[in-house]
>>> print(open('data.cif').read())   # mmCIF, C-alpha atoms and all ligand atoms
data_target
#
loop_
_atom_site.label_atom_id
_atom_site.label_comp_id
_atom_site.auth_asym_id
_atom_site.auth_seq_id
_atom_site.Cartn_x
_atom_site.Cartn_y
_atom_site.Cartn_z
CA MET D 1 -0.20 -10.78 -4.46
CA PRO D 2 -1.23 -13.30 -7.15
CA ALA D 3 1.50 -13.70 -9.84
CA LEU D 4 -1.30 -13.48 -12.40
CA LEU D 5 -1.55 -9.76 -11.67
CA ASP D 6 2.14 -9.02 -12.31
CA PRO D 7 1.78 -8.05 -16.01
CA VAL D 8 -1.16 -5.76 -15.17
CA LEU D 9 0.78 -4.09 -12.38
CA GLU D 10 3.79 -3.69 -14.69
CA LEU D 11 1.55 -1.82 -17.10
CA LEU D 12 -0.26 0.37 -14.59
CA THR D 13 2.48 1.16 -12.12
CA VAL D 14 6.15 2.01 -11.87
CA ARG D 15 8.53 0.41 -9.43
CA GLY D 16 10.74 2.22 -6.98
CA THR D 17 12.99 1.62 -3.99
CA VAL D 18 12.72 3.63 -0.80
CA THR D 19 16.13 5.23 -0.35
CA GLU D 20 15.44 7.65 2.52
CA ALA D 21 12.91 7.77 5.37
CA GLU D 22 13.09 10.72 7.70
CA GLN D 23 10.82 12.05 10.44
CA ILE D 24 10.15 15.51 8.99
CA THR D 25 7.51 16.63 11.53
CA ALA D 26 6.20 15.12 14.76
CA ARG D 27 3.81 12.82 12.87
CA MET D 28 5.04 12.89 9.29
CA ARG D 29 7.74 10.90 7.54
CA ARG D 30 9.44 12.06 4.38
CA LEU D 31 10.04 9.13 2.05
CA ARG D 32 12.34 9.26 -0.97
CA ILE D 33 11.65 6.71 -3.68
CA GLU D 34 14.11 6.19 -6.53
CA ASP D 35 14.22 4.26 -9.76
CA GLU D 36 15.17 4.86 -13.37
CA GLN D 37 11.46 4.38 -14.21
CA LEU D 38 10.83 7.55 -12.21
CA ALA D 39 13.21 9.62 -14.33
CA GLY D 40 11.96 12.23 -16.79
CA LEU D 41 8.31 12.17 -15.74
CA GLU D 42 6.16 15.22 -16.29
CA VAL D 43 5.25 16.45 -12.80
CA LEU D 44 3.28 19.61 -12.07
CA PRO D 45 3.60 21.20 -8.60
CA GLY D 46 0.64 19.93 -6.53
CA GLN D 47 0.24 16.61 -8.35
CA GLN D 48 -0.03 13.31 -6.55
CA VAL D 49 0.79 9.62 -6.97
CA ARG D 50 -1.21 6.59 -5.93
CA VAL D 51 0.89 4.11 -3.99
CA LEU D 52 0.23 0.43 -3.38
CA VAL D 53 0.49 0.47 0.39
CA GLY D 54 -0.22 -3.22 0.97
CA GLY D 55 -1.60 -5.91 -1.33
CA LEU D 56 -3.73 -4.08 -3.87
CA THR D 57 -4.67 -1.20 -1.55
CA LEU D 58 -3.97 2.22 -3.04
CA ARG D 59 -3.49 5.46 -1.15
CA THR D 60 -2.81 8.88 -2.67
CA TYR D 61 0.11 11.15 -1.70
CA SER D 62 1.14 14.56 -2.98
CA ILE D 63 4.60 14.83 -4.46
CA TRP D 64 6.67 16.88 -2.04
CA ARG D 65 9.72 17.01 -4.31
CA TYR D 66 10.56 15.61 -7.71
CA ASP D 67 14.03 15.06 -9.06
CA PRO D 68 13.86 14.38 -12.83
CA SER D 69 16.90 12.11 -12.59
CA GLY D 70 14.63 9.56 -10.91
CA GLY D 71 13.71 10.53 -7.33
CA LEU D 72 10.36 11.37 -5.87
CA GLU D 73 9.57 12.39 -2.29
CA LEU D 74 6.34 12.04 -0.31
CA CYS D 75 5.39 13.08 3.23
CA VAL D 76 2.99 10.69 4.93
CA LEU D 77 1.03 11.58 8.05
CA ASP D 78 0.68 9.04 10.84
CA HIS D 79 -2.90 9.97 11.83
CA ALA D 80 -4.62 8.57 14.91
CA ALA D 81 -7.18 6.40 13.05
CA GLY D 82 -4.21 4.68 11.35
CA GLY D 83 -5.43 2.97 8.16
CA PRO D 84 -3.18 1.06 5.72
CA GLY D 85 -1.67 4.28 4.35
CA ALA D 86 -0.61 5.54 7.77
CA GLN D 87 0.68 2.08 8.67
CA TRP D 88 2.77 1.96 5.47
CA GLY D 89 4.15 5.45 6.02
CA ARG D 90 5.12 4.59 9.59
CA THR D 91 6.91 1.32 8.82
CA VAL D 92 8.36 1.52 5.30
CA ALA D 93 12.17 1.60 5.37
CA PRO D 94 15.12 2.23 3.04
CA GLY D 95 15.56 -0.77 0.75
CA ASP D 96 11.82 -1.57 0.56
CA GLN D 97 10.27 -1.88 -2.88
CA VAL D 98 7.23 0.25 -3.75
CA ARG D 99 4.82 0.29 -6.65
CA LEU D 100 3.11 3.52 -7.59
CA ARG D 101 1.05 4.97 -10.39
CA ARG D 102 2.37 7.83 -12.49
CA PRO D 103 1.83 11.43 -11.30
CA GLU D 104 -1.65 12.79 -11.90
CA GLY D 105 -4.10 15.44 -10.76
CA THR D 106 -5.36 18.92 -11.57
CA PHE D 107 -4.98 20.48 -8.11
CA THR D 108 -1.87 22.22 -9.37
CA LEU D 109 -0.15 25.57 -9.24
CA ARG D 110 -1.50 28.23 -11.58
CA PRO D 111 1.85 29.99 -12.08
CA ASP D 112 0.40 33.03 -13.85
CA ALA D 113 -2.05 34.02 -11.10
CA ALA D 114 -1.55 37.51 -9.65
CA ARG D 115 -1.81 36.18 -6.06
CA HIS D 116 -1.76 32.75 -4.45
CA LEU D 117 -3.79 31.81 -1.35
CA PHE D 118 -3.17 28.45 0.35
CA VAL D 119 -5.64 27.04 2.90
CA GLY D 120 -5.52 23.57 4.44
CA GLU D 121 -4.16 21.28 7.15
CA GLU D 122 -1.18 18.93 7.60
CA THR D 123 -1.85 16.68 4.58
CA ALA D 124 -2.62 19.64 2.29
CA SER D 125 0.60 21.36 3.30
CA VAL D 126 2.60 18.73 1.38
CA ALA D 127 1.08 19.87 -1.93
CA PHE D 128 1.42 23.50 -0.81
CA GLY D 129 5.13 22.88 -0.21
CA ALA D 130 5.64 21.72 -3.80
CA MET D 131 3.64 24.68 -5.15
CA LEU D 132 5.43 27.27 -2.99
CA ALA D 133 8.82 25.88 -3.97
CA ALA D 134 7.91 26.40 -7.64
CA LEU D 135 6.91 30.05 -7.21
CA PRO D 136 9.41 32.88 -7.74
CA GLY D 137 10.43 34.84 -4.64
CA GLU D 138 8.45 37.90 -5.72
CA ALA D 139 5.13 35.99 -5.98
CA VAL D 140 2.36 37.34 -3.76
CA VAL D 141 1.54 34.57 -1.31
CA SER D 142 -0.74 34.28 1.72
CA GLY D 143 -2.70 31.55 3.45
CA CYS D 144 -3.69 29.66 6.58
CA VAL D 145 -2.42 26.22 7.55
CA GLU D 146 -3.92 24.38 10.51
CA THR D 147 -1.97 21.73 12.42
CA ALA D 148 -2.54 19.79 15.64
CA THR D 149 0.63 21.18 17.26
CA ALA D 150 3.47 23.49 16.28
CA ALA D 151 5.67 20.39 15.87
CA ASP D 152 3.38 19.25 13.03
CA ARG D 153 4.39 22.16 10.77
CA LEU D 154 6.20 21.17 7.59
CA PRO D 155 9.14 23.38 6.62
CA LEU D 156 7.63 25.12 3.58
CA ALA D 157 9.50 27.47 1.25
CA GLY D 158 8.04 30.86 2.11
CA GLY D 159 6.09 29.32 4.98
CA ASP D 160 6.72 32.48 7.01
CA ARG D 161 4.25 34.23 4.71
CA LEU D 162 1.43 31.90 5.86
CA ASP D 163 -0.67 32.10 9.03
CA TRP D 164 -0.16 28.90 11.04
CA VAL D 165 -3.04 28.08 13.36
CA LEU D 166 -3.55 25.35 15.93
CA ARG D 167 -6.52 22.98 15.67
CA GLY D 168 -8.96 23.66 18.49
CA GLU D 169 -7.79 27.27 18.93
CA THR D 170 -9.02 28.68 15.60
CA SER D 171 -10.98 26.96 12.85
CA LEU D 172 -9.71 27.29 9.29
CA PRO D 173 -12.84 29.18 8.15
CA ASP D 174 -12.30 31.68 11.00
CA ALA D 175 -8.61 31.99 10.17
CA VAL D 176 -9.59 32.83 6.57
CA ARG D 177 -12.15 35.38 7.81
CA ARG D 178 -9.41 37.01 9.89
CA LEU D 179 -7.01 37.07 6.96
CA ALA D 180 -9.78 38.55 4.75
CA PRO D 181 -8.01 37.78 1.44
CA GLU D 182 -9.13 40.07 -1.36
CA PRO D 183 -10.45 38.38 -4.50
CA GLY D 184 -8.24 38.58 -7.54
CA GLY D 185 -5.88 35.63 -7.33
CA ILE D 186 -6.16 31.86 -7.06
CA ALA D 187 -7.06 30.01 -3.86
CA TYR D 188 -5.87 26.44 -3.29
CA VAL D 189 -8.00 24.76 -0.61
CA ALA D 190 -7.36 21.14 0.42
CA GLY D 191 -7.53 18.73 3.35
CA GLU D 192 -10.50 17.40 5.33
CA ALA D 193 -13.55 17.41 3.04
CA ARG D 194 -16.04 19.33 5.22
CA GLU D 195 -13.47 21.94 6.14
CA VAL D 196 -12.62 22.41 2.46
CA GLN D 197 -16.30 23.13 1.75
CA ALA D 198 -16.58 25.49 4.72
CA VAL D 199 -13.52 27.50 3.58
CA ARG D 200 -14.85 27.61 0.03
CA ARG D 201 -18.13 29.07 1.33
CA VAL D 202 -16.25 31.77 3.26
CA LEU D 203 -14.26 32.74 0.17
CA VAL D 204 -17.17 32.70 -2.30
CA GLN D 205 -20.13 33.81 -0.18
CA GLU D 206 -18.45 36.12 2.34
CA ALA D 207 -15.27 37.39 0.70
CA GLY D 208 -16.67 37.70 -2.83
CA TRP D 209 -14.28 35.35 -4.63
CA ASP D 210 -15.25 34.01 -8.06
CA ARG D 211 -15.97 30.31 -7.49
CA ARG D 212 -13.75 29.44 -10.50
CA ALA D 213 -10.80 31.05 -8.72
CA VAL D 214 -11.14 28.68 -5.74
CA LEU D 215 -9.52 25.30 -6.45
CA THR D 216 -10.60 22.66 -3.96
CA LYS D 217 -9.47 19.11 -3.32
CA PRO D 218 -10.76 16.95 -0.45
CA PHE D 219 -7.92 14.73 0.74
CA TRP D 220 -9.75 12.72 3.41
CA THR D 221 -12.98 12.64 5.36
CA PRO D 222 -13.83 11.05 8.71
CA GLY D 223 -15.20 7.53 8.30
CA ARG D 224 -14.28 7.21 4.63
CA LYS D 225 -11.33 5.18 3.41
CA GLY D 226 -8.77 6.05 0.76
CA MET D 227 -10.19 9.07 -1.05
CA ASP D 228 -8.61 10.18 -4.29
C1 LIG D 301 -5.01 14.25 -3.79
C2 LIG D 301 -4.64 13.71 -2.44
C3 LIG D 301 -3.39 14.00 -1.90
C4 LIG D 301 -3.05 13.53 -0.64
N1 LIG D 301 -1.81 13.82 -0.14
C5 LIG D 301 -1.45 13.37 1.07
C6 LIG D 301 -0.14 13.64 1.59
O1 LIG D 301 0.69 14.26 0.93
N2 LIG D 301 0.15 13.14 2.83
C7 LIG D 301 -0.74 12.41 3.56
O2 LIG D 301 -0.40 11.99 4.68
N3 LIG D 301 -1.98 12.14 3.09
C8 LIG D 301 -2.34 12.59 1.87
N4 LIG D 301 -3.58 12.28 1.38
C9 LIG D 301 -4.45 11.43 2.19
C10 LIG D 301 -4.08 9.95 1.96
O3 LIG D 301 -4.39 9.56 0.63
C11 LIG D 301 -4.85 8.96 2.85
O4 LIG D 301 -6.20 9.29 2.83
C12 LIG D 301 -4.37 9.00 4.27
O5 LIG D 301 -3.00 8.60 4.32
C13 LIG D 301 -5.20 8.04 5.12
O6 LIG D 301 -5.05 6.75 4.65
P1 LIG D 301 -5.15 5.53 5.64
O7 LIG D 301 -5.08 4.26 4.83
O8 LIG D 301 -4.19 5.69 6.77
O9 LIG D 301 -6.60 5.68 6.26
P2 LIG D 301 -7.99 5.25 5.58
O10 LIG D 301 -8.15 3.77 5.66
O11 LIG D 301 -8.06 5.85 4.20
O12 LIG D 301 -9.01 5.99 6.51
C14 LIG D 301 -9.38 5.50 7.76
C15 LIG D 301 -9.93 6.63 8.59
O13 LIG D 301 -8.85 7.40 9.08
C16 LIG D 301 -9.28 8.74 9.27
N5 LIG D 301 -8.29 9.63 8.61
C17 LIG D 301 -7.81 9.52 7.35
N6 LIG D 301 -6.92 10.50 7.10
C18 LIG D 301 -6.83 11.25 8.23
C19 LIG D 301 -6.09 12.41 8.60
N7 LIG D 301 -5.24 13.03 7.77
N8 LIG D 301 -6.25 12.89 9.85
C20 LIG D 301 -7.12 12.31 10.73
N9 LIG D 301 -7.85 11.20 10.44
C21 LIG D 301 -7.72 10.69 9.21
C22 LIG D 301 -10.68 8.84 8.66
O14 LIG D 301 -11.65 8.81 9.68
C23 LIG D 301 -10.79 7.60 7.81
O15 LIG D 301 -12.10 7.14 7.66
C24 LIG D 301 -3.95 12.74 0.11
C25 LIG D 301 -5.21 12.44 -0.45
C26 LIG D 301 -5.55 12.91 -1.69
C27 LIG D 301 -6.90 12.58 -2.25
#
>>> encode(input="data.cif", output="structure tokens")
Amino acid sequence: MPALLDPVLELLTVRGTVTEAEQITARMRRLRIEDEQLAGLEVLPGQQVRVLVGGLTLRTYSIWRYDPSGGLELCVLDHAAGGPGAQWGRTVAPGDQVRLRRPEGTFTLRPDAARHLFVGEETASVAFGAMLAALPGEAVVSGCVETATAADRLPLAGGDRLDWVLRGETSLPDAVRRLAPEPGGIAYVAGEAREVQAVRRVLVQEAGWDRRAVLTKPFWTPGRKGMD
């Protein structure tokens, strides 16, 4: 990276060191990044960071856990098409330096909602994990999470209250139809862009949800690189 860019990067990003890298599911690694620059940030459950995954290439990852004393955890999927983000997530190791932008995003928990519905796939389940962990035990939670195999399921707080479906057996829109969630709460729908739209249509057009109560966030789409 040209030295000329260093002051710009200093301004736009924070530095961190990878301190832990653990295989958390069959194809996902949990990465812990620590630095005093990461201490005391304002992080809302569901927010994400943009990480420099090689040269000046940025990829976006939801914050799985945040420790205000200066630790932040991500879970990165090693998907078959394997772009620079997947390559970084697969190879980064404790001791490696990372640059990332500060937490951002509005796909966040609405803590006051009467009910919470989570719908998405592997990558979306990282944000869901942060949101579920922030909810009190008595919160009314339901949802559908689709994964390629059972070994791809992230251990989510309250994950036993979600319907886990396998890709190819049931589509997410069909899983939502089967669940038939009543309107009246907030729906968080994320993951592959076309599936997000299809689930939104089921909720709004078939199940009668107010479109403002359905929060959507496309995380990736086939053939497109590095969405954010
Ligand atoms: C708000 C937000 C939060 C996100 N949070 C996470 C997260 O917590 N964990 C995480 O792993 N990813 C997350 N993503 C997705 C992530 O930013 C990257 O898109 C992903 O890592 C792919 O980057 P890449 O460089 O490997 O592939 P790219 O170069 O971006 O894409 C190459 C091709 O790979 C294919 N592809 C990309 N992603 C997938 C996938 N998941 N499954 C199958 N094929 C795929 C597509 O065909 C794409 O055209 C998030 C995205 C957004 C916008």
>>> residues_near_ligand(input="data.cif", ligand="ligand LIG 301 (chain D)", cutoff="9 Å", atoms="all atoms listed in the file", output="ChimeraX atom specification")
/D:28-29,46-51,53,57-64,74-89,104-105,107,121-127,190-192,217-228
>>> write_last_selection(input="data.cif", atoms="C-alpha atoms", output="mmCIF file, in the coordinates of the input")
data_model
loop_
_atom_site.group_PDB
_atom_site.id
_atom_site.type_symbol
_atom_site.label_atom_id
_atom_site.label_comp_id
_atom_site.auth_asym_id
_atom_site.auth_seq_id
_atom_site.Cartn_x
_atom_site.Cartn_y
_atom_site.Cartn_z
ATOM 1 C CA MET D 28 5.040 12.890 9.290
ATOM 2 C CA ARG D 29 7.740 10.900 7.540
ATOM 3 C CA GLY D 46 0.640 19.930 -6.530
ATOM 4 C CA GLN D 47 0.240 16.610 -8.350
ATOM 5 C CA GLN D 48 -0.030 13.310 -6.550
ATOM 6 C CA VAL D 49 0.790 9.620 -6.970
ATOM 7 C CA ARG D 50 -1.210 6.590 -5.930
ATOM 8 C CA VAL D 51 0.890 4.110 -3.990
ATOM 9 C CA VAL D 53 0.490 0.470 0.390
ATOM 10 C CA THR D 57 -4.670 -1.200 -1.550
ATOM 11 C CA LEU D 58 -3.970 2.220 -3.040
ATOM 12 C CA ARG D 59 -3.490 5.460 -1.150
ATOM 13 C CA THR D 60 -2.810 8.880 -2.670
ATOM 14 C CA TYR D 61 0.110 11.150 -1.700
ATOM 15 C CA SER D 62 1.140 14.560 -2.980
ATOM 16 C CA ILE D 63 4.600 14.830 -4.460
ATOM 17 C CA TRP D 64 6.670 16.880 -2.040
ATOM 18 C CA LEU D 74 6.340 12.040 -0.310
ATOM 19 C CA CYS D 75 5.390 13.080 3.230
ATOM 20 C CA VAL D 76 2.990 10.690 4.930
ATOM 21 C CA LEU D 77 1.030 11.580 8.050
ATOM 22 C CA ASP D 78 0.680 9.040 10.840
ATOM 23 C CA HIS D 79 -2.900 9.970 11.830
ATOM 24 C CA ALA D 80 -4.620 8.570 14.910
ATOM 25 C CA ALA D 81 -7.180 6.400 13.050
ATOM 26 C CA GLY D 82 -4.210 4.680 11.350
ATOM 27 C CA GLY D 83 -5.430 2.970 8.160
ATOM 28 C CA PRO D 84 -3.180 1.060 5.720
ATOM 29 C CA GLY D 85 -1.670 4.280 4.350
ATOM 30 C CA ALA D 86 -0.610 5.540 7.770
ATOM 31 C CA GLN D 87 0.680 2.080 8.670
ATOM 32 C CA TRP D 88 2.770 1.960 5.470
ATOM 33 C CA GLY D 89 4.150 5.450 6.020
ATOM 34 C CA GLU D 104 -1.650 12.790 -11.900
ATOM 35 C CA GLY D 105 -4.100 15.440 -10.760
ATOM 36 C CA PHE D 107 -4.980 20.480 -8.110
ATOM 37 C CA GLU D 121 -4.160 21.280 7.150
ATOM 38 C CA GLU D 122 -1.180 18.930 7.600
ATOM 39 C CA THR D 123 -1.850 16.680 4.580
ATOM 40 C CA ALA D 124 -2.620 19.640 2.290
ATOM 41 C CA SER D 125 0.600 21.360 3.300
ATOM 42 C CA VAL D 126 2.600 18.730 1.380
ATOM 43 C CA ALA D 127 1.080 19.870 -1.930
ATOM 44 C CA ALA D 190 -7.360 21.140 0.420
ATOM 45 C CA GLY D 191 -7.530 18.730 3.350
ATOM 46 C CA GLU D 192 -10.500 17.400 5.330
ATOM 47 C CA LYS D 217 -9.470 19.110 -3.320
ATOM 48 C CA PRO D 218 -10.760 16.950 -0.450
ATOM 49 C CA PHE D 219 -7.920 14.730 0.740
ATOM 50 C CA TRP D 220 -9.750 12.720 3.410
ATOM 51 C CA THR D 221 -12.980 12.640 5.360
ATOM 52 C CA PRO D 222 -13.830 11.050 8.710
ATOM 53 C CA GLY D 223 -15.200 7.530 8.300
ATOM 54 C CA ARG D 224 -14.280 7.210 4.630
ATOM 55 C CA LYS D 225 -11.330 5.180 3.410
ATOM 56 C CA GLY D 226 -8.770 6.050 0.760
ATOM 57 C CA MET D 227 -10.190 9.070 -1.050
ATOM 58 C CA ASP D 228 -8.610 10.180 -4.290
#
>>> atom_distance(input="data.cif", atom1="atom CA of D:Val165", atom2="atom CA of D:Tyr188")
17.0 Å
>>> atom_distance(input="data.cif", atom1="atom CA of D:Gln37", atom2="atom CA of D:Thr25")
28.8 Å
>>> closest_residue(input="data.cif", among="D:Arg99, D:Arg178, D:Arg15, D:Arg65", to="D:Leu156", atoms="only C-alpha atoms")
D:Arg65
>>> residues_near_point(input="data.cif", point="(2.7, 19.7, 11.4)", cutoff="8 Å", atoms="all atoms listed in the file", output="list in words")
Thr25, Ala26, Arg27, Met28, Glu122, Thr147, Ala148, Thr149, Ala150, Ala151, Asp152, Arg153 and Leu154 of chain D
>>> closest_residue(input="data.cif", among="D:Pro111, D:Gly95, D:Gly16, D:Pro183", to="D:Ala139", atoms="all atoms listed in the file")
D:Pro111
>>> residues_around(input="data.cif", residues="D:Phe118", least_positions_apart="2", cutoff="12 Å", atoms="all atoms listed in the file", output="PyMOL selection string")
chain D and resi 46+107-109+115-116+120-121+124-132+140-146+156+158-159+161-164+172+175-176+179+181+185-191+196+199-200+203+214-217
>>> atom_distance(input="data.cif", atom1="atom CA of D:Ala180", atom2="atom CA of D:Pro155")
24.3 Å
